[in-house]
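Worksheet for the structure shown next.
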Amino acid sequence: VEKGMQGFNVEKINELGGWVGLPNGYLSFDNVKVPIQNRLGADGDGWKVVVDGLNFERNLFAAGMLGPMREAIKYAVGHAQRRLQFGEPTIELEVNQFKIADMLAQLRTARLLTYYSAYLMDLKLNAVMEATLTKLYTSEGYERLVIDAQQVMGGDGWTRFYPLETFMRDAKVNQLGAGTSEVMRINLYRQGIRAMADELKMPHR
């Protein structure tokens, strides 16, 4: 559907709680006639086109989170190396080291999941479970990671002088867009039970 088609209008532009500068709005499709040359795929391929698009979108969502996750760690580590409390840098506190360890684990795992999911899609293989898992893990890990990074930085992590405050406002939409975390879990349950049916069979007693 392209801009200018009869019946296609933007009803309203929304103000978002994060994603500053990204346009978002309600779209109206009132008896829009779409020419056949604009159709994606062949007749009857609608579900396949939608699912393939969703897998790509979910992986893309996850990929977009990796940069801010790395940046959050960079600021938390750099701040803790410079910030002195009781005569030593706060990075020497074991509680901060544990938080940084968790942040590193979340970033590296999210990155591996994202790359592997993209690899399967490049091979034109079924990546429904992988894309779903990638989106779920990364979006929930992103929020935990940013919260931990702000905690390591203390009050400075909540100021707009550092980007973590922006990352925090963006965190929630990652668990909503391209399918909510609840939808991801439903998909994982349904797909996983089918895909792993042989592995999950109870042995005969």
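In the structure tokens, the first chain shown is A, the next is B, and so on; residue numbers restart at 1 for each chain, and ligands run from 1 in the order shown.
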So that I can see what lies close to Asn59 of chain A, please list as a PyMOL selection string the residues with an atom at most 10 Å from it, counting only C-alpha atoms and leaving out residues fewer than 2 positions away in the same chain.
chain A and resi 53-57+61-64+113-118+121+127+130-135+138+178
Residues near segment 67-73 of chain A, anyone? I mean within 12 Å using only C-alpha atoms, not counting same-chain ones fewer than 4 positions away, as number ranges by chain.
A: 61-63, 77-80, 96-97, 99-111, 138-153, 157-158, 162-171
Hey, what's within 7 Å of Asp30 of chain A if we count only C-alpha atoms and toss same-chain stuff fewer than 2 positions away? As a list of chain:residue names, please?
A:Gly7, A:Phe8, A:Ser28, A:Val32
Could you write out, as a PyMOL selection string, all the residues of chain A that DSSP marks as strand (DSSP E)?
chain A and resi 8-13+25-29+84-85+88-89
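Our summary of the geometry notes that atom CA of Gln175 of chain A is positioned 18.6 Å from atom CA of Pro23 of chain A.
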When you look at Thr90 of chain A with a cut-off of 7 Å (counting only C-alpha atoms), what residues show up, excluding the ones that are within fewer than 4 positions of it in the same chain? I need them as a ChimeraX atom specification.
/A:80-81,83-85
So which one's closest to Gly154 of chain A, A:Phe98, A:Tyr189, A:Tyr75, A:Tyr137? Using only C-alpha atoms, please.
A:Tyr75
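Computed from the coordinates, the atom CA of Arg185 of chain A to atom CA of Arg58 of chain A distance equals 13.4 Å.
Put simply, atom CA of Gln6 of chain A is 16.4 Å away from atom CA of Tyr26 of chain A.
Around Asn24 of chain A, within 10 Å and counting only C-alpha atoms, the residues found are Val10, Lys12, Ile13, Asn14, Glu15, Leu16 and Trp19 of chain A, once anything fewer than 4 positions away on its own chain is removed.
Nearest residue to Gly179 of chain A among A:Leu112, A:Leu27, A:Leu136, A:Leu93 is A:Leu136, counting only C-alpha atoms.
Nearest-residue note for Arg190 of chain A: choosing from A:Met202, A:Val20, A:Met129, A:Leu60, the minimum distance belongs to A:Met129, counting only C-alpha atoms.
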Identify, with DSSP run on backbone atoms, the residues in segment 9-205 of chain A assigned to helix (DSSP H, G or I), and express the list as number ranges by chain.
A: 36-38, 46-82, 90-92, 94-122, 128-158, 164-174, 181-195
